[in-house]
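K.L.:
PDB, C-alpha atoms, pLDDT in the B column, file start-v1.pdb:
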```pdb
ATOM      1  CA  MET Y 154       0.000   0.000   0.000  1.00 64.00           C
ATOM      2  CA  ASN Y 155       1.341   3.447  -0.936  1.00 73.00           C
ATOM      3  CA  LEU Y 156       1.255   6.101   1.761  1.00 77.00           C
ATOM      4  CA  LEU Y 157       0.656   9.706   0.889  1.00 77.00           C
ATOM      5  CA  PRO Y 158       3.156  12.247   2.177  1.00 77.00           C
ATOM      6  CA  VAL Y 159       2.113  14.370   5.148  1.00 76.00           C
ATOM      7  CA  LEU Y 160       2.170  18.061   4.366  1.00 74.00           C
ATOM      8  CA  GLU Y 161       3.531  20.423   6.974  1.00 72.00           C
ATOM      9  CA  PRO Y 162       1.621  23.628   7.730  1.00 66.00           C
ATOM     10  CA  ALA Y 163       2.889  26.760   6.035  1.00 62.00           C
ATOM     11  CA  THR Y 164       5.306  28.747   8.160  1.00 62.00           C
ATOM     12  CA  ASP Y 165       5.225  31.947   6.147  1.00 60.00           C
ATOM     13  CA  GLU Y 166       3.284  34.443   8.286  1.00 59.00           C
ATOM     14  CA  ALA Y 167       2.239  36.510   5.244  1.00 60.00           C
ATOM     15  CA  CYS Y 168       0.175  33.692   3.746  1.00 65.00           C
ATOM     16  CA  CYS Y 169      -1.842  33.032   6.871  1.00 65.00           C
ATOM     17  CA  THR Y 170      -3.180  36.457   7.717  1.00 66.00           C
ATOM     18  CA  PRO Y 171      -6.941  36.562   8.190  1.00 64.00           C
ATOM     19  CA  ALA Y 172      -8.857  37.808   5.176  1.00 68.00           C
ATOM     20  CA  GLY Y 173     -10.820  40.265   7.309  1.00 68.00           C
ATOM     21  CA  PRO Y 174     -14.439  40.309   8.307  1.00 67.00           C
ATOM     22  CA  PRO Y 175     -16.813  38.287   6.150  1.00 63.00           C
ATOM     23  CA  ALA Y 176     -18.384  40.316   3.373  1.00 74.00           C
ATOM     24  CA  LEU Y 177     -21.734  38.761   4.210  1.00 79.00           C
ATOM     25  CA  GLY Y 178     -23.120  39.282   7.701  1.00 85.00           C
ATOM     26  CA  ALA Y 179     -24.865  36.508   9.591  1.00 86.00           C
ATOM     27  CA  GLU Y 180     -28.354  37.983   9.256  1.00 89.00           C
ATOM     28  CA  GLU Y 181     -27.940  38.739   5.557  1.00 86.00           C
ATOM     29  CA  ALA Y 182     -26.647  35.207   4.943  1.00 87.00           C
ATOM     30  CA  LYS Y 183     -29.639  33.807   6.818  1.00 90.00           C
ATOM     31  CA  GLN Y 184     -32.080  35.774   4.618  1.00 88.00           C
ATOM     32  CA  LYS Y 185     -30.326  34.749   1.398  1.00 89.00           C
ATOM     33  CA  ALA Y 186     -30.293  31.106   2.494  1.00 91.00           C
ATOM     34  CA  LEU Y 187     -34.041  31.344   3.133  1.00 93.00           C
ATOM     35  CA  VAL Y 188     -34.566  32.357  -0.507  1.00 93.00           C
ATOM     36  CA  PHE Y 189     -32.286  29.607  -1.827  1.00 93.00           C
ATOM     37  CA  LYS Y 190     -34.051  27.008   0.333  1.00 95.00           C
ATOM     38  CA  ALA Y 191     -37.416  28.182  -0.970  1.00 95.00           C
ATOM     39  CA  LEU Y 192     -36.211  27.838  -4.557  1.00 95.00           C
ATOM     40  CA  ALA Y 193     -34.620  24.431  -3.981  1.00 95.00           C
ATOM     41  CA  ASP Y 194     -37.947  22.599  -4.157  1.00 96.00           C
ATOM     42  CA  PRO Y 195     -39.391  21.722  -7.591  1.00 96.00           C
ATOM     43  CA  ASN Y 196     -42.976  22.243  -6.416  1.00 96.00           C
ATOM     44  CA  ARG Y 197     -42.181  25.753  -5.195  1.00 97.00           C
ATOM     45  CA  LEU Y 198     -40.473  26.583  -8.486  1.00 96.00           C
ATOM     46  CA  ARG Y 199     -43.568  25.410 -10.309  1.00 96.00           C
ATOM     47  CA  LEU Y 200     -45.801  27.487  -8.036  1.00 96.00           C
ATOM     48  CA  LEU Y 201     -43.738  30.588  -8.762  1.00 95.00           C
ATOM     49  CA  SER Y 202     -43.938  29.971 -12.497  1.00 95.00           C
ATOM     50  CA  ILE Y 203     -47.708  29.417 -12.362  1.00 95.00           C
ATOM     51  CA  VAL Y 204     -48.318  32.617 -10.404  1.00 95.00           C
ATOM     52  CA  LYS Y 205     -45.993  34.569 -12.704  1.00 94.00           C
ATOM     53  CA  ALA Y 206     -47.647  33.213 -15.857  1.00 94.00           C
ATOM     54  CA  ASP Y 207     -51.205  34.055 -14.773  1.00 93.00           C
ATOM     55  CA  ALA Y 208     -52.619  36.882 -16.898  1.00 91.00           C
ATOM     56  CA  SER Y 209     -54.127  38.599 -13.851  1.00 92.00           C
ATOM     57  CA  GLY Y 210     -50.802  38.561 -12.020  1.00 90.00           C
ATOM     58  CA  GLU Y 211     -52.226  36.569  -9.134  1.00 93.00           C
ATOM     59  CA  SER Y 212     -53.487  33.073  -8.414  1.00 94.00           C
ATOM     60  CA  CYS Y 213     -55.950  31.679  -5.911  1.00 92.00           C
ATOM     61  CA  VAL Y 214     -54.712  28.789  -3.809  1.00 90.00           C
ATOM     62  CA  CYS Y 215     -57.745  26.861  -5.081  1.00 89.00           C
ATOM     63  CA  ASP Y 216     -56.324  27.048  -8.625  1.00 90.00           C
ATOM     64  CA  LEU Y 217     -52.850  25.850  -7.639  1.00 93.00           C
ATOM     65  CA  THR Y 218     -53.625  22.398  -6.285  1.00 91.00           C
ATOM     66  CA  GLY Y 219     -54.648  20.856  -9.632  1.00 91.00           C
ATOM     67  CA  PRO Y 220     -51.542  21.649 -11.697  1.00 92.00           C
ATOM     68  CA  LEU Y 221     -49.243  20.258  -8.993  1.00 92.00           C
ATOM     69  CA  ASP Y 222     -51.440  17.251  -8.174  1.00 91.00           C
ATOM     70  CA  LEU Y 223     -50.972  18.038  -4.490  1.00 93.00           C
ATOM     71  CA  GLY Y 224     -53.464  18.559  -1.701  1.00 92.00           C
ATOM     72  CA  GLN Y 225     -54.441  22.029  -0.561  1.00 91.00           C
ATOM     73  CA  PRO Y 226     -52.561  21.791   2.786  1.00 93.00           C
ATOM     74  CA  THR Y 227     -49.333  20.837   0.988  1.00 95.00           C
ATOM     75  CA  VAL Y 228     -49.702  23.632  -1.571  1.00 95.00           C
ATOM     76  CA  SER Y 229     -50.455  26.109   1.241  1.00 94.00           C
ATOM     77  CA  HIS Y 230     -47.299  24.981   3.051  1.00 96.00           C
ATOM     78  CA  HIS Y 231     -45.171  25.583  -0.055  1.00 97.00           C
ATOM     79  CA  LEU Y 232     -46.812  28.968  -0.606  1.00 97.00           C
ATOM     80  CA  LYS Y 233     -46.124  29.942   3.010  1.00 97.00           C
ATOM     81  CA  ILE Y 234     -42.419  29.239   2.493  1.00 97.00           C
ATOM     82  CA  LEU Y 235     -42.391  31.382  -0.659  1.00 97.00           C
ATOM     83  CA  VAL Y 236     -44.109  34.205   1.234  1.00 97.00           C
ATOM     84  CA  GLU Y 237     -41.621  33.964   4.119  1.00 95.00           C
ATOM     85  CA  ALA Y 238     -38.755  34.104   1.616  1.00 95.00           C
ATOM     86  CA  GLY Y 239     -40.151  37.369   0.261  1.00 94.00           C
ATOM     87  CA  LEU Y 240     -40.994  36.004  -3.183  1.00 96.00           C
ATOM     88  CA  LEU Y 241     -44.794  35.990  -3.013  1.00 97.00           C
ATOM     89  CA  HIS Y 242     -47.386  38.291  -1.490  1.00 97.00           C
ATOM     90  CA  ARG Y 243     -50.503  36.793   0.130  1.00 97.00           C
ATOM     91  CA  GLU Y 244     -53.878  38.510   0.207  1.00 96.00           C
ATOM     92  CA  LYS Y 245     -56.825  36.952   2.018  1.00 95.00           C
ATOM     93  CA  ARG Y 246     -60.238  37.409   0.359  1.00 92.00           C
ATOM     94  CA  GLY Y 247     -63.050  35.707   2.213  1.00 92.00           C
ATOM     95  CA  THR Y 248     -62.104  32.062   2.639  1.00 91.00           C
ATOM     96  CA  TRP Y 249     -59.506  32.075  -0.151  1.00 90.00           C
ATOM     97  CA  ALA Y 250     -55.963  33.362  -0.324  1.00 93.00           C
ATOM     98  CA  TYR Y 251     -54.577  34.953  -3.475  1.00 95.00           C
ATOM     99  CA  TYR Y 252     -50.878  35.020  -4.254  1.00 96.00           C
ATOM    100  CA  SER Y 253     -48.898  37.407  -6.430  1.00 96.00           C
ATOM    101  CA  LEU Y 254     -45.214  38.012  -7.034  1.00 96.00           C
ATOM    102  CA  VAL Y 255     -43.573  40.612  -4.835  1.00 96.00           C
ATOM    103  CA  PRO Y 256     -42.554  43.408  -7.238  1.00 95.00           C
ATOM    104  CA  GLY Y 257     -38.842  43.095  -8.043  1.00 92.00           C
ATOM    105  CA  ALA Y 258     -38.414  39.879  -6.034  1.00 91.00           C
ATOM    106  CA  LEU Y 259     -37.335  37.738  -8.983  1.00 88.00           C
ATOM    107  CA  GLU Y 260     -34.858  40.351 -10.195  1.00 90.00           C
ATOM    108  CA  GLN Y 261     -33.456  40.718  -6.689  1.00 89.00           C
ATOM    109  CA  THR Y 262     -33.204  36.935  -6.378  1.00 89.00           C
ATOM    110  CA  ALA Y 263     -31.345  36.735  -9.680  1.00 87.00           C
ATOM    111  CA  GLY Y 264     -28.734  39.118  -8.271  1.00 87.00           C
ATOM    112  CA  LEU Y 265     -28.202  37.299  -4.962  1.00 82.00           C
ATOM    113  CA  LEU Y 266     -25.131  35.410  -6.090  1.00 80.00           C
ATOM    114  CA  ALA Y 267     -23.636  38.446  -7.758  1.00 80.00           C
ATOM    115  CA  THR Y 268     -23.644  40.335  -4.439  1.00 76.00           C
ATOM    116  CA  LEU Y 269     -21.651  37.753  -2.477  1.00 73.00           C
TER     117      LEU Y 269
END
```
Written as C-alpha cells, how would this file's structure read?

P.N.:
Amino acid sequence: MNLLPVLEPATDEACCTPAGPPALGAEEAKQKALVFKALADPNRLRLLSIVKADASGESCVCDLTGPLDLGQPTVSHHLKILVEAGLLHREKRGTWAYYSLVPGALEQTAGLLATL
C-alpha cells in the first residue's frame, strides 16, 4: 500500500493572515439562504412559475392544487415558504388566499449570487 506524504503547515506568516471580516453578515446570509431554500424545491419553483404566468398577475390557492397534483394543505405549506422568503405576497379574500409576485423579487433573487 502506498502512503501519501504528510504536508507540513505553512510557516510563512504573510500567507496566513486573516482575510478580514466576512463580506456577508450573519443575518444577511440567513435571509439569502431562506430564498435559496425556498427555490430548492421543484414544487415551489412550479408554483412561482404558475403565479408569474397568470394573466391577472395573481393566483388563488384553489387554482394551484390541480396543476401540482398536491393537496391544498401541501400547496399552502409551499406557498407559506415562498411568502416567508419574500418572493410571493398573500392577500386573504373571504375564505380564499390569493398570491402574487412581490414586485422586483425575482430580479433581486437573480442578483443574490452576484452580491456575495

K.L.:
Using all atoms listed in the file, which protein or nucleic acid residues come within 6 Å of stretch 201-213 of chain Y? Drop anything in the same chain fewer than 6 positions from it, and give the result as a list in words.

P.N.:
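Once the nearby chain positions are removed, what remains is Ala250, Tyr251, Tyr252 and Ser253 of chain Y.
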
K.L.:
Per residue of stretch 248-269 of chain Y within 12 Å of stretch 184-195 of chain Y, what are the shortest atom pair and its distance in Å to one decimal, counting all atoms listed in the file, with rows by chain and residue number, as CSV?

P.N.:
```
residue,atom,partner,partner_atom,distance
Y:Ala258,CA,Y:Val188,CA,10.1
Y:Leu259,CA,Y:Val188,CA,10.4
Y:Gln261,CA,Y:Val188,CA,10.5
Y:Thr262,CA,Y:Val188,CA,7.6
Y:Ala263,CA,Y:Phe189,CA,10.6
Y:Gly264,CA,Y:Lys185,CA,10.7
Y:Leu265,CA,Y:Lys185,CA,7.2
Y:Leu266,CA,Y:Lys185,CA,9.1
Y:Ala267,CA,Y:Lys185,CA,11.9
Y:Thr268,CA,Y:Lys185,CA,10.5
Y:Leu269,CA,Y:Lys185,CA,10.0
```

K.L.:
Y:Leu217: which residues within 10 Å, counting all atoms listed in the file, same-chain residues fewer than 6 positions away excluded, as JSON, numbers by chain?

P.N.:
{"Y": [199, 200, 203, 204, 223, 224, 225, 228, 229, 232, 252]}

K.L.:
Applied to the shown file, which residues does the PyMOL selection byres ((chain Y and resi 255) around 9) return, written as a list in words?

P.N.:
Val236, Gly239, Leu240, Leu241, His242, Ser253, Leu254, Pro256, Gly257, Ala258 and Leu259 of chain Y

K.L.:
Tell me, in Å to one decimal, how far atom CA of Y:Leu221 is from atom CA of Y:Arg243.

P.N.:
18.9 Å

K.L.:
Quick one: distance from atom CA of Y:Asp222 to atom CA of Y:Asn196 in Å, one decimal?

P.N.:
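One can read the atom CA of Y:Asp222 to atom CA of Y:Asn196 distance as 10.0 Å.
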
K.L.:
Between atom CA of Y:Val214 and atom CA of Y:Glu237, measure the distance and give it in Å to one decimal.

P.N.:
16.2 Å
